Number of protein chains: 4
Amino acid sequence: MSVLIRNGTVVNADRSFNADIYCEDGRIVAVEPGLAAPLGAEQIDASGCLVMPGGIDPHTHMQLPFMGTVASEDFYSGTAAALAGGTTMIIDFVIPSPGERLLTAYHKWRDWAEKSCADYSFHVAVTWWDDSVYEDMGTLVRDWGVNSFKHFMAYKGAIMADDGVLTQSFPRALELGALPTVHAENGELVDYLQKLLLKKGIVGPEGHPQSRPPKVEGEAAQRVIQIAGILGVPIYLVHNSAIESIDAITEARRRGQRVFGECLAQHLLIDESVYFDKDWGRAAAHVMSPPFRPRAHQEALWEALSGGILQTTATDHCCFCGDQKAMGQDNFARIPNGTAGVEDRMAVLWHHGVNMGRLTANEFVALTSSNAAKIFNIYPRKGVIQVGSDADLVIWDPQLTRVISVENQHQQVDFNVFEGMRVSGGPAYTISRGKVVYAQGTLQAQRGAGEYVFRPAFPAF
Amino acid sequence: MSVLIRNGTVVNADRSFNADIYCEDGRIVAVEPGLAAPLGAEQIDASGCLVMPGGIDPHTHMQLPFMGTVASEDFYSGTAAALAGGTTMIIDFVIPSPGERLLTAYHKWRDWAEKSCADYSFHVAVTWWDDSVYEDMGTLVRDWGVNSFKHFMAYKGAIMADDGVLTQSFPRALELGALPTVHAENGELVDYLQKLLLKKGIVGPEGHPQSRPPKVEGEAAQRVIQIAGILGVPIYLVHNSAIESIDAITEARRRGQRVFGECLAQHLLIDESVYFDKDWGRAAAHVMSPPFRPRAHQEALWEALSGGILQTTATDHCCFCGDQKAMGQDNFARIPNGTAGVEDRMAVLWHHGVNMGRLTANEFVALTSSNAAKIFNIYPRKGVIQVGSDADLVIWDPQLTRVISVENQHQQVDFNVFEGMRVSGGPAYTISRGKVVYAQGTLQAQRGAGEYVFRPAFPAF
Amino acid sequence: MSVLIRNGTVVNADRSFNADIYCEDGRIVAVEPGLAAPLGAEQIDASGCLVMPGGIDPHTHMQLPFMGTVASEDFYSGTAAALAGGTTMIIDFVIPSPGERLLTAYHKWRDWAEKSCADYSFHVAVTWWDDSVYEDMGTLVRDWGVNSFKHFMAYKGAIMADDGVLTQSFPRALELGALPTVHAENGELVDYLQKLLLKKGIVGPEGHPQSRPPKVEGEAAQRVIQIAGILGVPIYLVHNSAIESIDAITEARRRGQRVFGECLAQHLLIDESVYFDKDWGRAAAHVMSPPFRPRAHQEALWEALSGGILQTTATDHCCFCGDQKAMGQDNFARIPNGTAGVEDRMAVLWHHGVNMGRLTANEFVALTSSNAAKIFNIYPRKGVIQVGSDADLVIWDPQLTRVISVENQHQQVDFNVFEGMRVSGGPAYTISRGKVVYAQGTLQAQRGAGEYVFRPAFPAF
Amino acid sequence: MSVLIRNGTVVNADRSFNADIYCEDGRIVAVEPGLAAPLGAEQIDASGCLVMPGGIDPHTHMQLPFMGTVASEDFYSGTAAALAGGTTMIIDFVIPSPGERLLTAYHKWRDWAEKSCADYSFHVAVTWWDDSVYEDMGTLVRDWGVNSFKHFMAYKGAIMADDGVLTQSFPRALELGALPTVHAENGELVDYLQKLLLKKGIVGPEGHPQSRPPKVEGEAAQRVIQIAGILGVPIYLVHNSAIESIDAITEARRRGQRVFGECLAQHLLIDESVYFDKDWGRAAAHVMSPPFRPRAHQEALWEALSGGILQTTATDHCCFCGDQKAMGQDNFARIPNGTAGVEDRMAVLWHHGVNMGRLTANEFVALTSSNAAKIFNIYPRKGVIQVGSDADLVIWDPQLTRVISVENQHQQVDFNVFEGMRVSGGPAYTISRGKVVYAQGTLQAQRGAGEYVFRPAFPAF
Ligand SMILES: [Zn+2]
Ligand SMILES: [Zn+2]
Ligand SMILES: [Zn+2]
Ligand SMILES: [Zn+2]
Ligand SMILES: [Zn+2]
Ligand SMILES: [Zn+2]
Ligand SMILES: [Zn+2]
Ligand SMILES: [Zn+2]
């Protein structure tokens, strides 16, 4: 199985140049201008297109059991949708219930993920603490290629990790060369505000953002950064949505701390007004945590991406359909949290980032794949087009136009938060491990073709 | 009983001017140049001196039961020492044990304080929560003139208020028009670090600052400020010692939050090196929380005072003698926390503040009395020299020089953290409620002469 | 001439209390509950009203010769309008032409101001430098009660003071005990951007904000604060309109610098969209410098007022009628800069500040008079209600409602930037130097009744 | 000419791995474990060593005519010293006199540099403005591979570019795809302070830091960043030495601006106390601008390097011997500014960075070569070990120890600011364009072997 991509412009995070790319057996074998086509190689003409590393979405939740239901998108459909959008790898989350062995949960998720069409890997959540957690973290790092552990500072009474758990888990990650990642919201305050709002009779989706204001996120970001700083461990904050978090990360970096920050495509483009939609279903469809914010936060997120304060973009892809969202009809706190995006991330970031002059094409690559690959220590296997790297590529046509809609998406969910958005620039072809899996609008993803990516410990930072 | 002070320069927070001051029955009755002496009035010649409002120390702990012992300084000796230093009022703390009714504790402290020579008032600590606490807060505000409630974010397993308690207590204070005050250190991290250090065999006083680094304070300051911001309540942070806290307060004020900050005289002048003293006793004598910091923090504290980021100065006066400190001989975490200062605060602040050009004399007055009076809502009864105010005054001689020492102090403790410091400027006379209680080196304080100061709710901010 | 105000609530910056106020010969003689009316005293019933110090507007330009015309509001009409709005004192600006002796210009303005109905004083601008300027600054401070000097960092080729002038003038002000004040915009950049825009064919009012973006102000604020810091001189920044300036002031205060900041009522309430009005005249009527800003800046200004980062409110009252504005019909850079506001400042600040919960009534007093009085060293003569102070008062009726309009204003200009704004709360009576000059809608201002206020050097900071 | 490096650990900015490296004709031809040695290839055993990209020093001044004399180090000796320290490329500065054509100056410097032993390139300074400068900038970018232009905000009356020049030059650089670089100090203030100090009789080297305090640098950094922001052009600040500059850069990056920052090895390790050396010669030997700073600034610089706020390290290598420094015997302002460092940068940064735990080895590579290569758009030709890159390498022996001294240095100057510093870690071999030029203590540099590096415009940011 071999593919030759001709006449395109290669765009890496560090530079752009004209070259053909030849892939064989899932790897990139040559990157040079004017390559001759070996016998039997499929040829793709990339004239007028950019050839970029396939996207990495470092934050998805396929078929997640959550809030009394299960996310509608499974690993098969979800990775297929990803490929259709130019994303060739996801990092999903293993989330053990409190009391459940980490290894047990890990294997459960590995089973679920076997049907994936694209490469995948797992962060494992630390939702409780005892000696077995300490042990399992070691096993996961050494034997199973897990180099990041997730901590939820919200969801009190469920999967929340309080300061006691954090101070056990972070030093353990440090000695293993693994990276703690964090969902930063003060769960105690969320709980207080939810009860207060419900008591006042505010039960609709508009209660959701009021129960999780920016300061609730900012407080937790500040706290966990300080805790990590005291314990001397690098840290990665997922889905930063607020100026307050950006301030916290900025200040920490100025003080020399290794703090990394992620931003969701949704938070860059959608504002808080969606929760005040008269249509309950539409409002509820936007319920996710952290919630969408007033507009000023969006501009700050874009700025933080350009300025290098935030390094990665993701989606927190977690799909619940209308009937699932309806579980919270009488109480916003029971609406399953989550929105989709894995298919659309690349296109909306290109359109609003590169087309609008906020990002160069190289910065786009850094923010959609290279930086995630570096932080999660799979670079240069992933995240760059060079000889020896995995042949995960997207051939990007800047002229291609799409109106995003639930009607034309591959995602298994009945809503699209970007509904009606016209974007210019999108994948003409997606190549996963050397195979063309998406070609000019036709998805050719293969169930189970995705492989598990072992991520070694002790990255370069 | 009447006193006429002649020929001095009156220094208030807002301006200086030449005037005589006539006091009768504990109040200031006239402030004008060239006053004639009424019959029988004691006359004091204040030529060459500044006449300022007596100091208010808003943070002392007289005869505090703490860490298995009781502070050596009682309300009598402590207020006498205060008067000798030019301070005419203290605000001490009622600290109920977890489970103890606030009112019960309050009356216990009132009894203890009856022997005070100077005026006094009380903050009451919220160290736990149930409905009785809610009720007692109301009673204390309405019937007993308490307008501030203290919360300890440190001292896990003892008096620590976690985020759950804070989110109950702050809204209650808000509705009562009372001010929450906070000791900001992350108790969870202190506990973790203490255990870690002890496990490593670090048991001496040098372990104290290592278990409470600046970030431990900064984290708690950030957190409580955000919590207060979300709940819409003003807040007062006691004994800020670190750049991190100053940053947090600065940022909050920029965002429009009503956040007030206090600074101790000790933190302004003493650095972390004291904990590395070869003499265990000397090192232990400096153990207090927050601990003394690297030098850069001191300069930042002075800057924050000049720039209006911090508004008050205090001492956290809490005395333990050598034999008490010895309780922690084998474990720094058992050394009773506290240092003395109520007698020296005014002089060291004058010398290092005004003499060194960091503060004007007016700013000195603001920082030693007026601002505390305003924040704790007893202005202009206290904190200013004007007709109708309490006759609490200090006649300050800028020429007076003293070498601070345990040998010449009035404080009831066997150590002075400022030992050997030569300061220029000090009280020639102190007048409390219209009586001369300290005159040219002679203390004439009277047991029980101090009165309890009722502080009304709903201040001007 | 005496007045007794009964049954009101006295509101000072530091507290509120119930008291009657008796004024005689222009001064406050008694402030006590239940005062008996002396023979012949005019009595005012202030039931349901607040009695506050009269407003001080520290930034006006009456009858200013500027950009080839003269402001339409003169000292008589302007101070009358001020009184109608509850403002009893203005500080205007003497602006010498480059080369003109400061003293000459000063006396010219003194002459013009003799017809004022309310008290007034002058900042004097330093628009050029030679030895005579050095000399005149001394004379003005010593003999004429000028304690503040203004510097324009914008208006290149006209009155701009470059860094060379600033480094001469600031040390001179420091040795005289006077305060440098600054209009902070980078004049070089404004000039560059104006030319660039005009070259691109952007000649309408929308070019005005584009030629003076927030960074142009922020840069100058940063620069002048650093220059003042290096030279060790306190500084006052007029009309801060941008987040960037607030950041600069905040940071400086954190570092202990004495930096004061002013904010205009207009910038608090009007945003940039006015420059895109289809009606040229309406758009041009809003041209002033700094220009109105995007909304986020307004919220930041309110926050900076609440948090104590900015201390004063003003109007930069400078009136040009439609025919004067028309001078810039073909070139936005020729539209005379200025808007009115001296009559409306108190009401709009009350309505949007106090009624909206952003400010307490005491903070309102601090921001409309007390702080200006302290900074410009005329406190407690002005800015507070206490015995001995000038009898400049406003009796504020929180129930009084007005729809602001050019139709019902006293300002001599054909436009009102607050047109149509309904505000609750306004002056029932204004008292200037002990005389009732505005009573229940009737203005009784007297030409020439205002007195020049001598402001001594060496304030308390 | 070919070289095979065996058994080393390759350290790039993004990761470390074990591989042999084969170089031929000046390029890297293979990077794989277990390479066989081609016939005739020189073999180097790198066991126990790290193989890293050769250092790039982006800021040197060889044989610079400055302040009435000429730097003692020429392009031959300077690049030889660089190679001895592991640095294989320098970027020097063409500095036209005001009025001199840029192209004329450029060719003069090109002539001087022909004798270089290592690769070199040039920033060209814009020290004045007219149409010819505009033209020459274009020619330099298109025909001569110059992609960066330098601006001095200090040195009033000589090479200073005022705001007027900056606003001409920056937009020109932007349209050419070139990067403006800036020496940020407020020249007006330096001039004022120099004259003030000299007037006070302060003529010795201690006057140097007093005339250029941190705020003088911070102000200029703030200003130029705002100017660049308004004009929409990326910017690079050379030799940041102060917390104030770091703050400015941090804030700009948070706002999304492309701002890059450089830091000198000297500023990381030397503090202000050197100017108070009793020995005039020693004190004067340290005179450079910006001057050395109080210690707190050094820690902040290290933190900014770790946190990604500053991206490059350099030396501003500019050598003047004792007799040259003596020109300022009576006036510190006449001491030729400059210190050496090109030979020692790598070693001191390794020792105090990597050995002290502040940096990982990968971060060291980023900070000594990769980031400079990316910013100045010669990556991956320089700054990384990969197939196709220039064979500029350093084989780093972490065990190698050296006591830095003027006695054992190759630099042509009679002083070393790191004199007596013992460092662990240094170059065992240096390879320049595929030739071994330094081997186990023996320098084999060849006059004129260095080549001029053409740097294309329009980098990836
Ligand atoms: Zn989450
Ligand atoms: Zn998630
Ligand atoms: Zn405490
Ligand atoms: Zn205490
Ligand atoms: Zn102005
Ligand atoms: Zn003005
Ligand atoms: Zn320089
Ligand atoms: Zn240089």
# chains A, B, ... in the order shown; residues from 1 in each chain; ligands from 1
$ select_by_dssp --residues "region 324-457 of chain C" --states "alpha helix (DSSP H)" --output "list in words"
Gln324, Lys325, Arg345, Met346, Ala347, Val348, Leu349, Ala361, Asn362, Glu363, Phe364, Val365, Asn371, Ala372, Ala373, Lys374 and Ile375 of chain C
$ write_last_selection --atoms "N, CA and C atoms" --output "PDB file, in the first residue's frame"
ATOM      1  N   GLN C 324     -19.257  74.832  14.400  1.00  0.00           N
ATOM      2  CA  GLN C 324     -17.823  74.730  14.695  1.00  0.00           C
ATOM      3  C   GLN C 324     -17.306  73.342  14.312  1.00  0.00           C
ATOM      4  N   LYS C 325     -18.043  72.317  14.679  1.00  0.00           N
ATOM      5  CA  LYS C 325     -17.666  70.951  14.319  1.00  0.00           C
ATOM      6  C   LYS C 325     -17.508  70.829  12.795  1.00  0.00           C
ATOM      7  N   ARG C 345     -22.712  65.336  34.893  1.00  0.00           N
ATOM      8  CA  ARG C 345     -21.813  64.352  35.504  1.00  0.00           C
ATOM      9  C   ARG C 345     -22.385  63.713  36.755  1.00  0.00           C
ATOM     10  N   MET C 346     -22.844  64.531  37.701  1.00  0.00           N
ATOM     11  CA  MET C 346     -23.304  63.994  38.982  1.00  0.00           C
ATOM     12  C   MET C 346     -24.488  63.044  38.777  1.00  0.00           C
ATOM     13  N   ALA C 347     -25.429  63.458  37.948  1.00  0.00           N
ATOM     14  CA  ALA C 347     -26.646  62.659  37.779  1.00  0.00           C
ATOM     15  C   ALA C 347     -26.374  61.331  37.080  1.00  0.00           C
ATOM     16  N   VAL C 348     -25.554  61.362  36.027  1.00  0.00           N
ATOM     17  CA  VAL C 348     -25.327  60.103  35.317  1.00  0.00           C
ATOM     18  C   VAL C 348     -24.477  59.159  36.165  1.00  0.00           C
ATOM     19  N   LEU C 349     -23.573  59.721  36.933  1.00  0.00           N
ATOM     20  CA  LEU C 349     -22.747  58.868  37.776  1.00  0.00           C
ATOM     21  C   LEU C 349     -23.574  58.264  38.913  1.00  0.00           C
ATOM     22  N   ALA C 361     -23.215  55.268  48.132  1.00  0.00           N
ATOM     23  CA  ALA C 361     -23.355  56.727  48.127  1.00  0.00           C
ATOM     24  C   ALA C 361     -22.078  57.388  48.629  1.00  0.00           C
ATOM     25  N   ASN C 362     -21.418  56.761  49.584  1.00  0.00           N
ATOM     26  CA  ASN C 362     -20.169  57.336  50.089  1.00  0.00           C
ATOM     27  C   ASN C 362     -19.089  57.326  49.013  1.00  0.00           C
ATOM     28  N   GLU C 363     -19.017  56.240  48.301  1.00  0.00           N
ATOM     29  CA  GLU C 363     -18.047  56.173  47.201  1.00  0.00           C
ATOM     30  C   GLU C 363     -18.359  57.224  46.134  1.00  0.00           C
ATOM     31  N   PHE C 364     -19.643  57.462  45.908  1.00  0.00           N
ATOM     32  CA  PHE C 364     -20.041  58.502  44.961  1.00  0.00           C
ATOM     33  C   PHE C 364     -19.465  59.858  45.380  1.00  0.00           C
ATOM     34  N   VAL C 365     -19.564  60.161  46.658  1.00  0.00           N
ATOM     35  CA  VAL C 365     -19.015  61.432  47.158  1.00  0.00           C
ATOM     36  C   VAL C 365     -17.500  61.476  46.973  1.00  0.00           C
ATOM     37  N   ASN C 371     -12.109  63.041  46.736  1.00  0.00           N
ATOM     38  CA  ASN C 371     -10.794  62.637  46.234  1.00  0.00           C
ATOM     39  C   ASN C 371     -10.118  63.753  45.442  1.00  0.00           C
ATOM     40  N   ALA C 372     -10.875  64.452  44.632  1.00  0.00           N
ATOM     41  CA  ALA C 372     -10.292  65.578  43.894  1.00  0.00           C
ATOM     42  C   ALA C 372      -9.788  66.637  44.872  1.00  0.00           C
ATOM     43  N   ALA C 373     -10.558  66.895  45.910  1.00  0.00           N
ATOM     44  CA  ALA C 373     -10.136  67.889  46.903  1.00  0.00           C
ATOM     45  C   ALA C 373      -8.838  67.467  47.588  1.00  0.00           C
ATOM     46  N   LYS C 374      -8.735  66.176  47.887  1.00  0.00           N
ATOM     47  CA  LYS C 374      -7.508  65.700  48.543  1.00  0.00           C
ATOM     48  C   LYS C 374      -6.316  65.768  47.593  1.00  0.00           C
ATOM     49  N   ILE C 375      -6.500  65.285  46.384  1.00  0.00           N
ATOM     50  CA  ILE C 375      -5.386  65.231  45.435  1.00  0.00           C
ATOM     51  C   ILE C 375      -4.901  66.637  45.093  1.00  0.00           C
TER      52      ILE C 375
END
$ closest_atom_pairs --of "chain B" --to "chain D" --cutoff "12 Å" --atoms "only C-alpha atoms" --output "Markdown table"
| residue | atom | partner | partner_atom | distance |
| --- | --- | --- | --- | --- |
| B:Pro294 | CA | D:Ala296 | CA | 10.7 |
| B:Arg295 | CA | D:Ala296 | CA | 9.7 |
| B:Ala296 | CA | D:Ala296 | CA | 7.4 |
| B:His297 | CA | D:Ala296 | CA | 10.7 |
| B:Glu299 | CA | D:Ala296 | CA | 11.4 |
| B:Ala300 | CA | D:Ala296 | CA | 11.9 |
$ residues_around --residues "region 401-407 of chain D" --least-positions-apart "5" --cutoff "12 Å" --atoms "only C-alpha atoms" --output "CSV table (one decimal) with N, CA, C and O atoms, in the first residue's frame"
chain,number,residue,atom,x,y,z
D,85,GLY,N,33.6,27.3,21.7
D,85,GLY,CA,32.6,27.1,22.7
D,85,GLY,C,31.4,26.4,22.2
D,85,GLY,O,30.4,26.2,23.0
D,321,CYS,N,39.2,46.3,25.2
D,321,CYS,CA,40.2,46.0,26.2
D,321,CYS,C,40.4,47.2,27.2
D,321,CYS,O,39.8,48.2,27.0
D,340,ALA,N,32.4,40.5,26.5
D,340,ALA,CA,32.6,39.3,25.7
D,340,ALA,C,31.7,38.2,26.2
D,340,ALA,O,31.1,38.3,27.3
D,341,GLY,N,31.5,37.1,25.4
D,341,GLY,CA,30.8,36.0,25.9
D,341,GLY,C,30.5,34.9,24.8
D,341,GLY,O,30.1,33.8,25.2
D,343,GLU,N,32.2,32.8,23.4
D,343,GLU,CA,32.9,31.5,23.6
D,343,GLU,C,32.2,30.7,24.8
D,343,GLU,O,32.2,29.5,24.9
D,344,ASP,N,31.7,31.5,25.8
D,344,ASP,CA,31.2,30.9,27.0
D,344,ASP,C,29.7,30.7,27.1
D,344,ASP,O,29.3,30.0,28.0
D,345,ARG,N,28.9,31.3,26.2
D,345,ARG,CA,27.5,31.2,26.4
D,345,ARG,C,27.0,29.8,26.6
D,345,ARG,O,26.2,29.5,27.5
D,347,ALA,N,28.3,27.0,27.6
D,347,ALA,CA,28.8,26.3,28.8
D,347,ALA,C,28.1,26.9,30.0
D,347,ALA,O,27.6,26.2,30.9
D,348,VAL,N,28.0,28.2,30.1
D,348,VAL,CA,27.4,28.8,31.3
D,348,VAL,C,25.9,28.5,31.3
D,348,VAL,O,25.3,28.3,32.4
D,350,TRP,N,24.5,25.9,30.0
D,350,TRP,CA,24.3,24.5,30.4
D,350,TRP,C,24.5,24.3,31.9
D,350,TRP,O,23.6,23.7,32.5
D,351,HIS,N,25.5,24.9,32.4
D,351,HIS,CA,25.8,24.6,33.8
D,351,HIS,C,24.7,25.2,34.7
D,351,HIS,O,24.2,24.5,35.6
D,396,TRP,N,28.7,17.3,23.0
D,396,TRP,CA,28.7,17.9,24.3
D,396,TRP,C,29.0,16.8,25.3
D,396,TRP,O,28.3,15.8,25.4
D,412,GLN,N,39.5,37.5,21.9
D,412,GLN,CA,40.6,38.5,21.8
D,412,GLN,C,40.2,39.7,22.7
D,412,GLN,O,39.8,40.8,22.2
D,413,VAL,N,40.3,39.6,24.0
D,413,VAL,CA,40.0,40.7,24.9
D,413,VAL,C,40.7,40.3,26.2
D,413,VAL,O,40.9,39.1,26.5
D,414,ASP,N,41.0,41.3,27.0
D,414,ASP,CA,41.8,41.1,28.2
D,414,ASP,C,41.0,40.9,29.5
D,414,ASP,O,41.5,41.1,30.6
D,415,PHE,N,39.7,40.5,29.3
D,415,PHE,CA,38.9,40.4,30.5
D,415,PHE,C,37.8,39.3,30.2
D,415,PHE,O,37.4,39.2,29.1
D,416,ASN,N,37.4,38.6,31.3
D,416,ASN,CA,36.3,37.7,31.1
D,416,ASN,C,35.3,37.9,32.3
D,416,ASN,O,35.7,37.7,33.4
D,417,VAL,N,34.1,38.2,32.0
D,417,VAL,CA,33.1,38.6,33.0
D,417,VAL,C,32.8,37.3,33.9
D,417,VAL,O,32.2,37.5,34.9
D,418,PHE,N,33.1,36.1,33.3
D,418,PHE,CA,32.8,34.9,34.1
D,418,PHE,C,34.1,34.4,34.8
D,418,PHE,O,34.1,33.2,35.3
D,419,GLU,N,35.1,35.2,34.8
D,419,GLU,CA,36.4,34.7,35.4
D,419,GLU,C,36.2,33.9,36.7
D,419,GLU,O,35.5,34.3,37.6
D,420,GLY,N,36.8,32.7,36.7
D,420,GLY,CA,36.8,31.9,37.9
D,420,GLY,C,35.6,31.0,38.0
D,420,GLY,O,35.5,30.2,39.0
D,421,MET,N,34.7,31.1,37.1
D,421,MET,CA,33.5,30.3,37.3
D,421,MET,C,33.8,28.9,36.8
D,421,MET,O,34.2,28.7,35.7
D,422,ARG,N,33.5,27.9,37.6
D,422,ARG,CA,33.7,26.5,37.3
D,422,ARG,C,32.4,26.0,36.7
D,422,ARG,O,31.4,26.0,37.3
D,423,VAL,N,32.5,25.5,35.4
D,423,VAL,CA,31.3,24.9,34.8
D,423,VAL,C,31.6,23.5,34.4
D,423,VAL,O,32.6,23.1,34.0
D,424,SER,N,30.5,22.7,34.6
D,424,SER,CA,30.6,21.3,34.1
D,424,SER,C,29.7,21.2,32.9
D,424,SER,O,28.6,21.6,32.8
D,425,GLY,N,30.3,20.5,31.9
D,425,GLY,CA,29.6,20.4,30.6
D,425,GLY,C,30.2,21.3,29.6
D,425,GLY,O,30.3,22.5,29.8
D,426,GLY,N,30.7,20.8,28.4
D,426,GLY,CA,31.3,21.6,27.4
D,426,GLY,C,31.5,20.8,26.2
D,426,GLY,O,31.2,19.6,26.1
D,427,PRO,N,32.0,21.5,25.1
D,427,PRO,CA,32.1,20.9,23.8
D,427,PRO,C,33.4,20.0,23.8
D,427,PRO,O,34.5,20.4,24.0
D,428,ALA,N,33.2,18.7,23.5
D,428,ALA,CA,34.3,17.8,23.2
D,428,ALA,C,34.8,18.1,21.8
D,428,ALA,O,36.0,18.1,21.5
D,441,GLY,N,39.8,20.1,22.9
D,441,GLY,CA,40.6,21.2,23.4
D,441,GLY,C,41.5,21.9,22.3
D,441,GLY,O,42.1,22.9,22.6
$ residues_near_ligand --ligand "ligand 4" --cutoff "9 Å" --atoms "only C-alpha atoms and all ligand atoms" --output "count of residues only"
14
$ select_by_dssp --residues "region 331-433 of chain B" --states "strand (DSSP E)" --output "PyMOL selection string"
chain B and resi 393-403+422-432
$ write_last_selection --atoms "N, CA and C atoms" --output "short mmCIF file (atom, residue, chain, number, x, y, z; two decimals), in the first residue's frame"
data_model
loop_
_atom_site.label_atom_id
_atom_site.label_comp_id
_atom_site.auth_asym_id
_atom_site.auth_seq_id
_atom_site.Cartn_x
_atom_site.Cartn_y
_atom_site.Cartn_z
N LEU B 393 -4.87 59.69 71.38
CA LEU B 393 -3.87 60.45 70.67
C LEU B 393 -2.46 59.96 71.00
N VAL B 394 -1.57 60.21 70.08
CA VAL B 394 -0.16 59.99 70.40
C VAL B 394 0.61 61.25 70.00
N ILE B 395 1.44 61.70 70.92
CA ILE B 395 2.29 62.87 70.64
C ILE B 395 3.65 62.32 70.27
N TRP B 396 3.96 62.47 69.01
CA TRP B 396 5.08 61.75 68.41
C TRP B 396 6.29 62.64 68.30
N ASP B 397 7.36 62.19 68.89
CA ASP B 397 8.60 62.97 68.85
C ASP B 397 9.54 62.36 67.82
N PRO B 398 9.73 63.05 66.71
CA PRO B 398 10.57 62.47 65.65
C PRO B 398 12.02 62.32 66.06
N GLN B 399 12.43 63.03 67.11
CA GLN B 399 13.83 62.98 67.56
C GLN B 399 14.10 61.84 68.51
N LEU B 400 13.06 61.36 69.14
CA LEU B 400 13.23 60.32 70.15
C LEU B 400 13.82 59.06 69.53
N THR B 401 14.86 58.54 70.17
CA THR B 401 15.52 57.35 69.63
C THR B 401 15.47 56.22 70.65
N ARG B 402 15.24 55.02 70.14
CA ARG B 402 15.20 53.86 71.03
C ARG B 402 15.88 52.70 70.33
N VAL B 403 16.61 51.91 71.11
CA VAL B 403 17.10 50.64 70.59
C VAL B 403 16.14 49.58 71.12
N ARG B 422 17.70 50.09 66.01
CA ARG B 422 17.65 51.47 66.49
C ARG B 422 16.63 52.23 65.64
N VAL B 423 15.66 52.80 66.30
CA VAL B 423 14.64 53.55 65.56
C VAL B 423 14.57 54.98 66.05
N SER B 424 14.39 55.91 65.14
CA SER B 424 14.20 57.32 65.49
C SER B 424 12.74 57.66 65.30
N GLY B 425 12.18 58.30 66.31
CA GLY B 425 10.76 58.64 66.26
C GLY B 425 10.01 57.71 67.18
N GLY B 426 9.26 58.30 68.10
CA GLY B 426 8.49 57.47 69.02
C GLY B 426 7.55 58.33 69.84
N PRO B 427 6.72 57.67 70.65
CA PRO B 427 5.72 58.40 71.43
C PRO B 427 6.34 59.12 72.62
N ALA B 428 6.14 60.43 72.68
CA ALA B 428 6.50 61.17 73.88
C ALA B 428 5.38 61.01 74.92
N TYR B 429 4.15 61.09 74.43
CA TYR B 429 2.96 60.90 75.27
C TYR B 429 1.94 60.07 74.52
N THR B 430 1.21 59.26 75.26
CA THR B 430 0.04 58.61 74.68
C THR B 430 -1.17 58.99 75.52
N ILE B 431 -2.25 59.31 74.84
CA ILE B 431 -3.47 59.71 75.53
C ILE B 431 -4.59 58.78 75.11
N SER B 432 -5.22 58.15 76.10
CA SER B 432 -6.28 57.20 75.82
C SER B 432 -7.57 57.69 76.43
#
$ residues_around --residues "Lys115 (chain C)" --least-positions-apart "4" --cutoff "8 Å" --atoms "only C-alpha atoms" --output "PyMOL selection string"
chain C and resi 75-76+447-450
$ closest_residue --among "B:Ala82, B:Arg255, B:Trp302, B:Ile270" --to "Ile243 (chain C)" --atoms "only C-alpha atoms"
B:Arg255
